[in-house]
Structures are given as C-alpha cells and as structure tokens.
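Structure first, then comments.
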Amino acid sequence: MRYAKPAAAGLLPLAAGYVFDFAMLHLPAFFPLYFIVQLALLIGWGALAYKLSKDAPATACAALMCAFGLAMLALDLYQELVLNSYWLNIAGFAPQMYFLTLLTLFSRIMTPFMSVSEVWPIYTAELAALFASALAGALLRRRREKYL
C-alpha cells in the first residue's frame with residue numbers, strides 16, 4: 001500500500017493537463033500567468049514527493065511518481081517518431097495532455113536548441129525535470145529526517 005500513493009500521484013499531471021487545456025481555451029487572460037503556474041507546479045511536484053516519501057524509499061517514490069509519465073512518453077514517441085502522426089482517440093490525446101502542464105516552460109528553454117517540428121525532446125526534458133523534482137523532494141525528506 002505504501003507504493004500505491006506515489007503511483008497514483010503520477011496521474012496528477014494528466015489531470016492538470018486537462019485543466020490547463022480548458023484554461024487556455026476558455027480563459028485567454030490566464031495565458032500570461034501560465035509560466036508562473038508551471039514553475040509552481042514543478043515545485044509542487046517536489047513537495048508532493050516530499051510528503052509521499054514518508055513510507056517509501058526516495059528513489060522508489062520518485063520512480064513510481066514518474067512511471068505513468070514514462071508510459072505517456074513511450075506512447076508519444078511511438079506516435080511521433082514511428083507513425084509520424086497522432087491517433088485521433090484518447091491514446092493520442094492523453095500523452096499531449098500529460099505534458100501540456102510544463103510545455104510553455106520547457107519550450108522557452110529548449111526552442112533555440114532544437115527543431116520546431118518535433119516536440120518529443122521537450123517531452124523528454126519535462127519528464128526528466130519531473131523525476132528530478134520528485135527525487136529532490138524525496139531526498140530532502142530523507143536528509144531532514146536524518147538530522148532530526
């Protein structure tokens with residue numbers, strides 16, 4: 001049961017992606033705040049890992065939190081690199097929604113270094129940042145508990 005919570009937390013970026021999609025389409029005034037909200041979500045992901053790593057090892061907690069994201073990345077890589085198109089169903093839409101939460105933040109960082117027509121490097125960097133943030137939060141808890 002101690003591993004179920006971090007694994008379930010891995011679904012949160014997908015839910016946040018749907019909320020961001022709604023906000024972008026229906027609240028255009030929200031867009032200037034998008035960068036700040038994305039940075040706060042990345043920090044919040046680490047804070048969630050800090051909270052969830054109480055019962056699980058730090059690396060296992062971070063890996064479980066990002067396991068669903070790894071599946072979404074694999075699905076996206078297959079569609080983009082092998083098929084050269086996205087499916088017109090939930091399997092094509094879900095990977096894009098999963099990575100939408102941090103897309104603006106990482107596209108600003110990576111656009112000068114990559115092709116405009118491919119987004120898979122941005123998605124890979126996003127997943128790496130999510131893992132790094134979760135690992136940092138979980139290790140911070142271990143360090144704090146060690147000194148208390």
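In the structure tokens, chains take letters A, B, ... by order of appearance, with residues numbered from 1 within each chain and ligands from 1 in the order shown.
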
Distance query Gly46 (chain A) at most 8 Å, only C-alpha atoms, self and fewer than 3 positions along chain excluded, as a ChimeraX atom specification: /A:42-43,49-50,130,133-138

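Going from CA of Pro112 (chain A) over to CA of Tyr18 (chain A), you cover 27.4 Å.
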
Residue contacts of Leu103 (chain A) (12 Å, only C-alpha atoms) excluding same-chain residues fewer than 5 positions away, as a ChimeraX atom specification: /A:13,17,20-21,34-35,37-39,41-42,95-98,108-111,119-127,129

Which residue of A:Ala58, A:Ala23, A:Ala7, A:Leu33 approaches Leu139 (chain A) most closely, using only C-alpha atoms: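 Looking at the shortest contact to Leu139 (chain A), the residue is A:Ala58.
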
Distance in Å - CA of Arg143 (chain A) versus CA of Ala60 (chain A): 15.9 Å

Backbone DSSP call of alpha helix (DSSP H) for region 47-77 of chain A, listed as a ChimeraX atom specification: /A:47-52,58-77
